[in-house]
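Below: one structure, written as structure tokens.
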Amino acid sequence: LALDDIVPFARWFPKNEKLSRVFDTRFYLADLGTGAVDIEVDAQENTRLFWTSARDALAGADRGEIDVHPEVWLPNGAEIVHEYRDVRGSLTLSPIRVSAEQHICTTRATSEATGLRELKDLAKPDVAAAFDTDADGLGEMWIGAFTWSSTRIERVRARSYGYDSTMMLLTMPEDQALASVDAAVATGAPVVFYCYAPHYIHALHDIVMLEEPAYDPERWTIITAEEDPAWLAHSKAETAWEPSRYLIGYATVLKNEQPAVARFLDQVQITEK
């Protein structure tokens, strides 16, 4: 093994006393030296591989191209669920739901070192400075993947709380963002990021959810880009998220074409664990 050819990528080292067994796992990357690598479908477990947003997945179900979306989040996708379930009737949601939460989080070590306790604290330049890794005058924080509905809402929340002027709002795939959280924990660097639960990150690290006022529908107005090009300026989200949940969604035609599959999906028991 040529150690000079590998670089550290991430470290998964849960420090949670509730875990009976702990694995300290390190990940490394190496350049194959072949240039671009083509990903092929194995044609056994997978017949098609593609990246898509929740919106496009539900649109695919409406067109008859996708049968199942295993994790439809609400209230994030409320407007697209309304369109395809209530108006077009092409989407069915399982009656079994999982309660969930969405927050901006930090690590306990970061909270204790910086004094970061409340979400509004990120609007303070001296607090934001602790997260400025490139000396550009702005802290950095991950607010979600580019295609997530929650990412758009987190932009609204940043503007409503005022930290859109003190923090650089980063979007990237979740695996990359959480690898940076792993790296921050391993090196003792401060980190703040969008988080949701249930999620393994809460067992992996000592995570703290930033405090904010309880959800108040009167202080939330979310407008989509399709409704208004100035959606960000005309939206507001001045309190915590509405209590969230996620469910299995599937194309309504399955009830007639594959009734046994539809019955199975309606009975899948999903828990927080």
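Chain labels follow the order of the structure tokens: the first chain is A, the next B, and so on; residue numbering restarts at 1 in every chain, and ligands are counted from 1 in their shown order.
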Residues within 9 Å of Ser180 of chain A, only C-alpha atoms, excluding chain neighbours under 5 positions, as an NGL selection string: :A and (9-10 or 175 or 185 or 191)
DSSP-assigned strand (DSSP E) among segment 140-253 of chain A, expressed as a PyMOL selection string: chain A and resi 140-144+167-171+192-197+207-209+220-221+236-237+244-251
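For segment 244-250 of chain A, the residues within 6 Å (counting only C-alpha atoms, excluding itself and residues fewer than 2 positions away along the chain) are Asp67, Val68, His69, Pro70, Glu71, Val72, Trp73, Leu74, Leu91, Thr92, Leu93, Ser94, Arg97, Val98, Ser99, Ala100, Glu101 and Glu242 of chain A.
For segment 138-147 of chain A, the list of residues within 8 Å, based on only C-alpha atoms and with local chain neighbours fewer than 5 positions off taken out, reads Thr52, Ser53, Ala54, Ala128, Ala129, Ala130, Phe131, Asp132, Thr133, Glu154, Arg155, Ser165, Thr166, Met167, Met168, Leu169, Leu170, Thr171, Met172, Pro173, Glu174, Ala177, Val191, Val192, Phe193 and Tyr194 of chain A.
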Neighbour list for Gly77 of chain A as a list in words, cut-off 9 Å, only C-alpha atoms, skip fewer than 6 positions in-chain: Ala54, Arg55, Ser149 and Ser150 of chain A
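Here atom CA of Ile207 of chain A is placed at a distance of 22.6 Å from atom CA of Asp164 of chain A.
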Atom CA of Ala179 of chain A to atom CA of Ala240 of chain A, straight-line distance in Å: 25.8 Å
Non-local contacts of Arg219 of chain A (10 Å; only C-alpha atoms; under 4 positions in same chain excluded) as an MDAnalysis selection string: chainID A and resid 160 215 235:240
Would you save the residues of that selection, restricted to all heavy atoms, as a PDB file, in the first residue's frame?
ATOM      1  N   SER A 160     -34.590  35.506   7.564  1.00  0.00           N
ATOM      2  CA  SER A 160     -35.492  35.943   8.626  1.00  0.00           C
ATOM      3  C   SER A 160     -34.761  36.179   9.942  1.00  0.00           C
ATOM      4  O   SER A 160     -35.077  37.114  10.689  1.00  0.00           O
ATOM      5  CB  SER A 160     -36.606  34.904   8.825  1.00  0.00           C
ATOM      6  OG  SER A 160     -37.411  34.786   7.667  1.00  0.00           O
ATOM      7  N   TYR A 215     -42.563  26.829  16.821  1.00  0.00           N
ATOM      8  CA  TYR A 215     -43.231  27.072  15.544  1.00  0.00           C
ATOM      9  C   TYR A 215     -44.495  27.910  15.723  1.00  0.00           C
ATOM     10  O   TYR A 215     -45.327  27.636  16.589  1.00  0.00           O
ATOM     11  CB  TYR A 215     -43.589  25.739  14.886  1.00  0.00           C
ATOM     12  CG  TYR A 215     -44.444  25.895  13.643  1.00  0.00           C
ATOM     13  CD1 TYR A 215     -43.922  26.453  12.480  1.00  0.00           C
ATOM     14  CD2 TYR A 215     -45.779  25.491  13.640  1.00  0.00           C
ATOM     15  CE1 TYR A 215     -44.700  26.609  11.349  1.00  0.00           C
ATOM     16  CE2 TYR A 215     -46.568  25.632  12.509  1.00  0.00           C
ATOM     17  CZ  TYR A 215     -46.029  26.193  11.364  1.00  0.00           C
ATOM     18  OH  TYR A 215     -46.808  26.342  10.244  1.00  0.00           O
ATOM     19  N   SER A 235     -40.831  35.800   1.327  1.00  0.00           N
ATOM     20  CA  SER A 235     -41.067  34.699   2.261  1.00  0.00           C
ATOM     21  C   SER A 235     -40.527  35.064   3.643  1.00  0.00           C
ATOM     22  O   SER A 235     -39.691  35.957   3.785  1.00  0.00           O
ATOM     23  CB  SER A 235     -40.375  33.420   1.771  1.00  0.00           C
ATOM     24  OG  SER A 235     -40.905  32.971   0.545  1.00  0.00           O
ATOM     25  N   LYS A 236     -41.011  34.361   4.644  1.00  0.00           N
ATOM     26  CA  LYS A 236     -40.467  34.533   5.990  1.00  0.00           C
ATOM     27  C   LYS A 236     -40.630  33.223   6.767  1.00  0.00           C
ATOM     28  O   LYS A 236     -41.541  32.433   6.511  1.00  0.00           O
ATOM     29  CB  LYS A 236     -41.165  35.670   6.738  1.00  0.00           C
ATOM     30  CG  LYS A 236     -42.643  35.422   7.047  1.00  0.00           C
ATOM     31  CD  LYS A 236     -43.240  36.584   7.835  1.00  0.00           C
ATOM     32  CE  LYS A 236     -44.721  36.324   8.144  1.00  0.00           C
ATOM     33  NZ  LYS A 236     -45.337  37.440   8.919  1.00  0.00           N
ATOM     34  N   ALA A 237     -39.703  32.991   7.708  1.00  0.00           N
ATOM     35  CA  ALA A 237     -39.760  31.820   8.587  1.00  0.00           C
ATOM     36  C   ALA A 237     -39.026  32.214   9.857  1.00  0.00           C
ATOM     37  O   ALA A 237     -37.841  31.962  10.013  1.00  0.00           O
ATOM     38  CB  ALA A 237     -39.126  30.612   7.928  1.00  0.00           C
ATOM     39  N   GLU A 238     -39.742  32.867  10.753  1.00  0.00           N
ATOM     40  CA  GLU A 238     -39.135  33.538  11.899  1.00  0.00           C
ATOM     41  C   GLU A 238     -39.106  32.687  13.161  1.00  0.00           C
ATOM     42  O   GLU A 238     -38.678  33.161  14.218  1.00  0.00           O
ATOM     43  CB  GLU A 238     -39.896  34.834  12.177  1.00  0.00           C
ATOM     44  CG  GLU A 238     -39.892  35.786  10.981  1.00  0.00           C
ATOM     45  CD  GLU A 238     -40.853  36.951  11.153  1.00  0.00           C
ATOM     46  OE1 GLU A 238     -41.791  36.840  11.979  1.00  0.00           O
ATOM     47  OE2 GLU A 238     -40.652  37.979  10.474  1.00  0.00           O
ATOM     48  N   THR A 239     -39.573  31.448  13.072  1.00  0.00           N
ATOM     49  CA  THR A 239     -39.579  30.558  14.233  1.00  0.00           C
ATOM     50  C   THR A 239     -39.066  29.181  13.809  1.00  0.00           C
ATOM     51  O   THR A 239     -38.692  28.980  12.647  1.00  0.00           O
ATOM     52  CB  THR A 239     -41.000  30.403  14.797  1.00  0.00           C
ATOM     53  OG1 THR A 239     -41.834  29.730  13.819  1.00  0.00           O
ATOM     54  CG2 THR A 239     -41.616  31.752  15.128  1.00  0.00           C
ATOM     55  N   ALA A 240     -39.086  28.252  14.746  1.00  0.00           N
ATOM     56  CA  ALA A 240     -38.665  26.889  14.447  1.00  0.00           C
ATOM     57  C   ALA A 240     -39.579  26.254  13.406  1.00  0.00           C
ATOM     58  O   ALA A 240     -40.693  26.725  13.136  1.00  0.00           O
ATOM     59  CB  ALA A 240     -38.680  26.050  15.732  1.00  0.00           C
TER      60      ALA A 240
END
Long-range neighbours of segment 110-112 of chain A as a PyMOL selection string, 10 Å cut-off, only C-alpha atoms, 2 positions minimum in chain: chain A and resi 105-108+114-118+130-131+184-185+188-192+207-210
Any chance you could export the current selection's all heavy atoms as a short mmCIF file (atom, residue, chain, number, x, y, z; two decimals), in the first residue's frame?
data_model
loop_
_atom_site.label_atom_id
_atom_site.label_comp_id
_atom_site.auth_asym_id
_atom_site.auth_seq_id
_atom_site.Cartn_x
_atom_site.Cartn_y
_atom_site.Cartn_z
N CYS A 105 -27.93 22.71 13.69
CA CYS A 105 -27.24 22.03 14.78
C CYS A 105 -25.78 22.41 14.85
O CYS A 105 -25.19 22.93 13.90
CB CYS A 105 -27.35 20.51 14.60
SG CYS A 105 -29.00 19.85 14.92
N THR A 106 -25.20 22.10 15.99
CA THR A 106 -23.76 22.22 16.19
C THR A 106 -23.34 21.06 17.08
O THR A 106 -24.17 20.24 17.49
CB THR A 106 -23.41 23.58 16.82
OG1 THR A 106 -22.00 23.74 16.84
CG2 THR A 106 -23.94 23.71 18.23
N THR A 107 -22.07 20.95 17.37
CA THR A 107 -21.62 19.95 18.32
C THR A 107 -21.58 20.57 19.71
O THR A 107 -21.48 21.80 19.85
CB THR A 107 -20.22 19.43 17.96
OG1 THR A 107 -19.30 20.52 17.98
CG2 THR A 107 -20.22 18.80 16.56
N ARG A 108 -21.65 19.74 20.72
CA ARG A 108 -21.61 20.28 22.08
C ARG A 108 -20.28 20.99 22.34
O ARG A 108 -20.23 22.03 22.99
CB ARG A 108 -21.82 19.16 23.10
CG ARG A 108 -22.01 19.67 24.53
CD ARG A 108 -22.44 18.56 25.46
NE ARG A 108 -23.65 17.92 25.00
CZ ARG A 108 -24.88 18.39 25.19
NH1 ARG A 108 -25.04 19.56 25.81
NH2 ARG A 108 -25.94 17.73 24.75
N THR A 114 -17.74 28.31 21.75
CA THR A 114 -18.11 29.58 21.11
C THR A 114 -19.24 30.31 21.79
O THR A 114 -19.49 31.48 21.48
CB THR A 114 -18.52 29.33 19.65
OG1 THR A 114 -19.74 28.53 19.63
CG2 THR A 114 -17.43 28.59 18.87
N GLY A 115 -19.96 29.63 22.69
CA GLY A 115 -21.13 30.25 23.32
C GLY A 115 -22.36 30.22 22.44
O GLY A 115 -23.38 30.85 22.75
N LEU A 116 -22.31 29.48 21.33
CA LEU A 116 -23.45 29.39 20.42
C LEU A 116 -24.54 28.54 21.04
O LEU A 116 -24.36 27.34 21.27
CB LEU A 116 -23.00 28.77 19.08
CG LEU A 116 -24.09 28.55 18.03
CD1 LEU A 116 -24.74 29.87 17.64
CD2 LEU A 116 -23.49 27.85 16.80
N ARG A 117 -25.67 29.15 21.35
CA ARG A 117 -26.78 28.44 21.97
C ARG A 117 -28.07 28.57 21.15
O ARG A 117 -28.83 27.63 21.02
CB ARG A 117 -27.05 28.99 23.37
CG ARG A 117 -25.90 28.89 24.35
CD ARG A 117 -25.70 27.48 24.87
NE ARG A 117 -24.73 27.45 25.96
CZ ARG A 117 -23.41 27.42 25.80
NH1 ARG A 117 -22.90 27.42 24.57
NH2 ARG A 117 -22.59 27.38 26.83
N GLU A 118 -28.29 29.79 20.65
CA GLU A 118 -29.54 30.08 19.95
C GLU A 118 -29.25 30.35 18.47
O GLU A 118 -28.17 30.83 18.11
CB GLU A 118 -30.23 31.29 20.56
CG GLU A 118 -30.59 31.12 22.03
CD GLU A 118 -31.30 32.34 22.57
OE1 GLU A 118 -32.34 32.72 21.99
OE2 GLU A 118 -30.82 32.92 23.57
N ALA A 130 -16.24 32.58 14.26
CA ALA A 130 -15.68 31.30 14.69
C ALA A 130 -15.79 30.23 13.60
O ALA A 130 -15.07 29.23 13.64
CB ALA A 130 -16.39 30.81 15.96
N PHE A 131 -16.66 30.47 12.62
CA PHE A 131 -16.89 29.48 11.56
C PHE A 131 -16.33 29.94 10.21
O PHE A 131 -16.63 29.36 9.18
CB PHE A 131 -18.39 29.21 11.44
CG PHE A 131 -19.02 28.78 12.74
CD1 PHE A 131 -19.66 29.71 13.55
CD2 PHE A 131 -18.93 27.47 13.16
CE1 PHE A 131 -20.22 29.33 14.76
CE2 PHE A 131 -19.48 27.07 14.37
CZ PHE A 131 -20.13 28.00 15.18
N ALA A 184 -14.51 17.85 11.29
CA ALA A 184 -14.49 18.90 12.30
C ALA A 184 -14.44 18.30 13.71
O ALA A 184 -13.69 18.79 14.56
CB ALA A 184 -15.72 19.79 12.15
N VAL A 185 -15.22 17.27 13.93
CA VAL A 185 -15.21 16.62 15.24
C VAL A 185 -13.84 16.02 15.52
O VAL A 185 -13.29 16.14 16.62
CB VAL A 185 -16.30 15.54 15.31
CG1 VAL A 185 -16.16 14.71 16.59
CG2 VAL A 185 -17.69 16.17 15.26
N GLY A 188 -11.41 18.89 16.21
CA GLY A 188 -11.79 19.87 17.22
C GLY A 188 -12.16 21.22 16.66
O GLY A 188 -12.18 22.22 17.38
N ALA A 189 -12.50 21.27 15.37
CA ALA A 189 -12.87 22.54 14.74
C ALA A 189 -14.36 22.84 14.97
O ALA A 189 -15.17 21.92 15.03
CB ALA A 189 -12.59 22.48 13.24
N PRO A 190 -14.73 24.11 15.08
CA PRO A 190 -16.15 24.45 15.24
C PRO A 190 -16.92 24.17 13.96
O PRO A 190 -16.39 24.33 12.86
CB PRO A 190 -16.13 25.95 15.57
CG PRO A 190 -14.84 26.45 15.01
CD PRO A 190 -13.87 25.31 15.12
N VAL A 191 -18.19 23.77 14.10
CA VAL A 191 -18.99 23.46 12.93
C VAL A 191 -20.46 23.70 13.26
O VAL A 191 -20.90 23.49 14.40
CB VAL A 191 -18.77 21.98 12.49
CG1 VAL A 191 -19.22 21.00 13.57
CG2 VAL A 191 -19.45 21.68 11.17
N VAL A 192 -21.20 24.19 12.29
CA VAL A 192 -22.64 24.40 12.43
C VAL A 192 -23.28 24.01 11.11
O VAL A 192 -22.72 24.26 10.04
CB VAL A 192 -22.97 25.87 12.82
CG1 VAL A 192 -22.51 26.86 11.76
CG2 VAL A 192 -24.44 26.04 13.13
N ILE A 207 -24.46 15.92 19.38
CA ILE A 207 -25.06 17.00 18.59
C ILE A 207 -26.01 17.83 19.44
O ILE A 207 -26.78 17.29 20.24
CB ILE A 207 -25.81 16.42 17.37
CG1 ILE A 207 -24.85 15.61 16.49
CG2 ILE A 207 -26.49 17.52 16.59
CD1 ILE A 207 -23.72 16.41 15.90
N VAL A 208 -25.97 19.14 19.25
CA VAL A 208 -26.84 20.07 19.95
C VAL A 208 -27.68 20.81 18.93
O VAL A 208 -27.15 21.35 17.95
CB VAL A 208 -26.02 21.09 20.77
CG1 VAL A 208 -26.95 22.12 21.42
CG2 VAL A 208 -25.20 20.37 21.83
N MET A 209 -29.00 20.83 19.14
CA MET A 209 -29.90 21.59 18.28
C MET A 209 -30.01 23.01 18.82
O MET A 209 -30.27 23.21 20.01
CB MET A 209 -31.28 20.93 18.24
CG MET A 209 -31.25 19.52 17.68
SD MET A 209 -32.87 18.72 17.78
CE MET A 209 -32.52 17.14 16.99
N LEU A 210 -29.80 24.00 17.96
CA LEU A 210 -29.84 25.39 18.42
C LEU A 210 -31.25 25.79 18.81
O LEU A 210 -32.23 25.41 18.16
CB LEU A 210 -29.31 26.31 17.32
CG LEU A 210 -27.85 26.10 16.92
CD1 LEU A 210 -27.41 27.17 15.92
CD2 LEU A 210 -26.93 26.11 18.13
#
DSSP alpha helix (DSSP H) selection over segment 9-237 of chain A, as a PyMOL selection string: chain A and resi 54-63+78-81+108-114+125-128+149-161+174-187+201-204+231-234
